[in-house]
Amino acid sequence: MDMKKPAIDYADFAEYDRRQRGIERHVLAAFLGGLAVGLVGMLVSQSGPAWLRHLYDPYAYLALAIALGVTAQGFGWAALSTFLAAVSTLVAAMGASALHGGDFTFDVIGGSASGLNWTLIMLVGLGLLAYVARRKDHWGDLAAGAVGGALLADVVDRSTPGFVAAENGFWPAVAAVVGGLSIAAVIALRNSLAGRLRALVISGVLAGVATIVLTDELWGPFWAAF
């Protein structure tokens with residue numbers, strides 16, 4: 001036995017320390033990023049042009065969640081960081097709204113209470129999907145496709161008159177920009193041509209299914225009357 005070789009491998013401790021510091025930096029970045037995005041969002045909503053408001057809310061928040069999910073150290077840390085970013089975003093937006101003479105309410109993001117709930121669900125959900133999308137197998141393709149499908153379905157919902165979240169001025173320019181960025185996000189989440197193609201196909205299928213579901217919800221009561 002070599003007595004000069006230490007019984008403890010200090011390299012493992014160094015790696016563990018680097019990992020812990022990375023987690024700390026990531027959680028701090030989630031908190032500060034949420035504050036920054038929330039503050040800028042309120043400034044945009046107060047004085048920005050309509051097209052920028054449509055583009056920023058909620059897609060800047062969703063982009064932050066995807067970035068946090070991709071860079072998280074684990075599934076649990078992805079959930080924690082995206083939730084922390086969502087909460088800090090909400091607090092920052094509420095504070096900025098109150099300072100500008102608005103009401104200190106929870107619906108400053110998403111435009112309503114239901115819109116806020118949907119935004120928070122999408123923030124955490126997309127963060128977790130973005131983390132899973134780092135996998136090299138078909139689960140990664142599915143997760144990346146689900147990210148794109150959720151974003152594209154939201155674009156369709158906001159672009160189509162009569163749908164639940166339809167907004168005037170969203171179509172066609174803002175919808176085209178968001179749709180293009182959604183496709184680019186799917187491509188960036190995969191690292192092979194085959195994976196990107198599979199993820200894009202999954203995105204299209206999921207967006208199409210979501211559109212059909214929304215259409216059924218809208219027209220179901222109409223057909224039921226006959």
# chains A, B, ... in the order shown; residues from 1 in each chain; ligands from 1

call {"tool": "residues_around", "arguments": {"residues": "Ala72 of chain A", "least_positions_apart": "5", "cutoff": "8 Å", "atoms": "only C-alpha atoms", "output": "ChimeraX atom specification"}}
result
/A:23,26,77-78,81,131

call {"tool": "closest_atom_pairs", "arguments": {"of": "segment 106-186 of chain A", "to": "segment 58-70 of chain A", "cutoff": "6 Å", "atoms": "only C-alpha atoms", "output": "JSON lines"}}
result
{"residue": "A:Leu123", "atom": "CA", "partner": "A:Ala65", "partner_atom": "CA", "distance": 5.5}
{"residue": "A:Leu126", "atom": "CA", "partner": "A:Ile66", "partner_atom": "CA", "distance": 5.9}
{"residue": "A:Gly127", "atom": "CA", "partner": "A:Gly69", "partner_atom": "CA", "distance": 4.2}
{"residue": "A:Leu128", "atom": "CA", "partner": "A:Gly69", "partner_atom": "CA", "distance": 5.7}
{"residue": "A:Ala130", "atom": "CA", "partner": "A:Gly69", "partner_atom": "CA", "distance": 5.1}
{"residue": "A:Tyr131", "atom": "CA", "partner": "A:Gly69", "partner_atom": "CA", "distance": 4.6}

call {"tool": "residues_around", "arguments": {"residues": "Ala153 of chain A", "least_positions_apart": "4", "cutoff": "8 Å", "atoms": "only C-alpha atoms", "output": "ChimeraX atom specification"}}
result
/A:149,157,206-208,210-211

call {"tool": "residues_around", "arguments": {"residues": "Phe31 of chain A", "least_positions_apart": "3", "cutoff": "6 Å", "atoms": "only C-alpha atoms", "output": "PyMOL selection string"}}
result
chain A and resi 28+34+84-85+88

call {"tool": "closest_residue", "arguments": {"among": "A:Ala175, A:Leu142, A:Ile183, A:Leu193", "to": "Val155 of chain A", "atoms": "only C-alpha atoms"}}
result
A:Ala175

call {"tool": "atom_distance", "arguments": {"atom1": "atom CA of Ala176 of chain A", "atom2": "atom CA of Val44 of chain A"}}
result
20.2 Å

call {"tool": "select_by_dssp", "arguments": {"residues": "segment 38-167 of chain A", "states": "helix (DSSP H, G or I)", "output": "NGL selection string"}}
result
:A and (38-47 or 50-56 or 59-71 or 75-99 or 113-132 or 138-159)

call {"tool": "closest_residue", "arguments": {"among": "A:Ala146, A:Ala199, A:Met94, A:Leu55", "to": "Gly169 of chain A", "atoms": "only C-alpha atoms"}}
result
A:Leu55

call {"tool": "residues_around", "arguments": {"residues": "Ala144 of chain A", "least_positions_apart": "4", "cutoff": "12 Å", "atoms": "only C-alpha atoms", "output": "short mmCIF file (atom, residue, chain, number, x, y, z; two decimals) with C-alpha atoms, in the first residue's frame"}}
result
data_model
loop_
_atom_site.label_atom_id
_atom_site.label_comp_id
_atom_site.auth_asym_id
_atom_site.auth_seq_id
_atom_site.Cartn_x
_atom_site.Cartn_y
_atom_site.Cartn_z
CA ILE A 66 -36.67 27.81 -20.40
CA GLY A 69 -34.52 24.81 -16.91
CA VAL A 70 -31.78 24.14 -19.45
CA GLY A 125 -43.86 23.51 -16.73
CA LEU A 126 -41.65 24.84 -19.51
CA GLY A 127 -38.70 25.05 -17.13
CA LEU A 128 -39.06 21.37 -16.26
CA LEU A 129 -39.57 20.39 -19.89
CA ALA A 130 -36.48 22.37 -20.88
CA TYR A 131 -34.46 20.44 -18.30
CA VAL A 132 -35.71 17.09 -19.62
CA ALA A 133 -34.95 18.27 -23.17
CA ARG A 134 -31.22 18.00 -22.35
CA ARG A 135 -31.50 14.21 -22.51
CA LYS A 136 -29.96 12.57 -25.57
CA ASP A 137 -32.78 10.06 -26.08
CA HIS A 138 -36.35 10.23 -27.38
CA TRP A 139 -37.55 11.62 -24.05
CA GLY A 140 -35.46 14.69 -24.81
CA GLY A 148 -42.52 24.14 -28.90
CA GLY A 149 -46.05 22.74 -28.93
CA ALA A 150 -47.04 24.75 -25.84
CA LEU A 151 -45.61 27.97 -27.28
CA SER A 182 -40.58 29.07 -30.74
CA ILE A 183 -39.28 27.00 -33.64
CA ALA A 184 -35.77 28.33 -33.03
CA ALA A 185 -36.04 27.34 -29.35
CA VAL A 186 -36.97 23.77 -30.29
CA ILE A 187 -34.02 23.57 -32.66
CA ALA A 188 -31.64 24.96 -30.03
CA LEU A 189 -32.80 22.44 -27.42
CA ARG A 190 -31.67 19.47 -29.55
CA ASN A 191 -28.13 18.76 -30.72
CA GLY A 195 -33.57 15.02 -32.90
CA ARG A 196 -34.51 18.46 -34.16
CA LEU A 197 -36.76 17.03 -36.88
CA ARG A 198 -38.50 14.73 -34.39
CA ALA A 199 -38.96 17.57 -31.92
CA LEU A 200 -40.40 19.85 -34.60
CA VAL A 201 -42.86 17.17 -35.72
CA ILE A 202 -43.94 16.65 -32.11
CA SER A 203 -44.37 20.42 -31.71
CA GLY A 204 -46.62 20.60 -34.76
CA LEU A 206 -49.19 18.94 -30.12
#

call {"tool": "residues_around", "arguments": {"residues": "Val174 of chain A", "least_positions_apart": "5", "cutoff": "12 Å", "atoms": "only C-alpha atoms", "output": "list of chain:residue names"}}
result
A:Ala50, A:Trp51, A:Leu52, A:Arg53, A:His54, A:Leu55, A:Tyr56, A:Asp57, A:Tyr59, A:Val155, A:Val156, A:Arg158, A:Ser159, A:Glu167, A:Asn168, A:Gly169, A:Gly179, A:Gly180, A:Leu181

call {"tool": "atom_distance", "arguments": {"atom1": "atom CA of Leu35 of chain A", "atom2": "atom CA of Val91 of chain A"}}
result
7.6 Å

call {"tool": "atom_distance", "arguments": {"atom1": "atom CA of Thr89 of chain A", "atom2": "atom CA of Ala36 of chain A"}}
result
7.4 Å
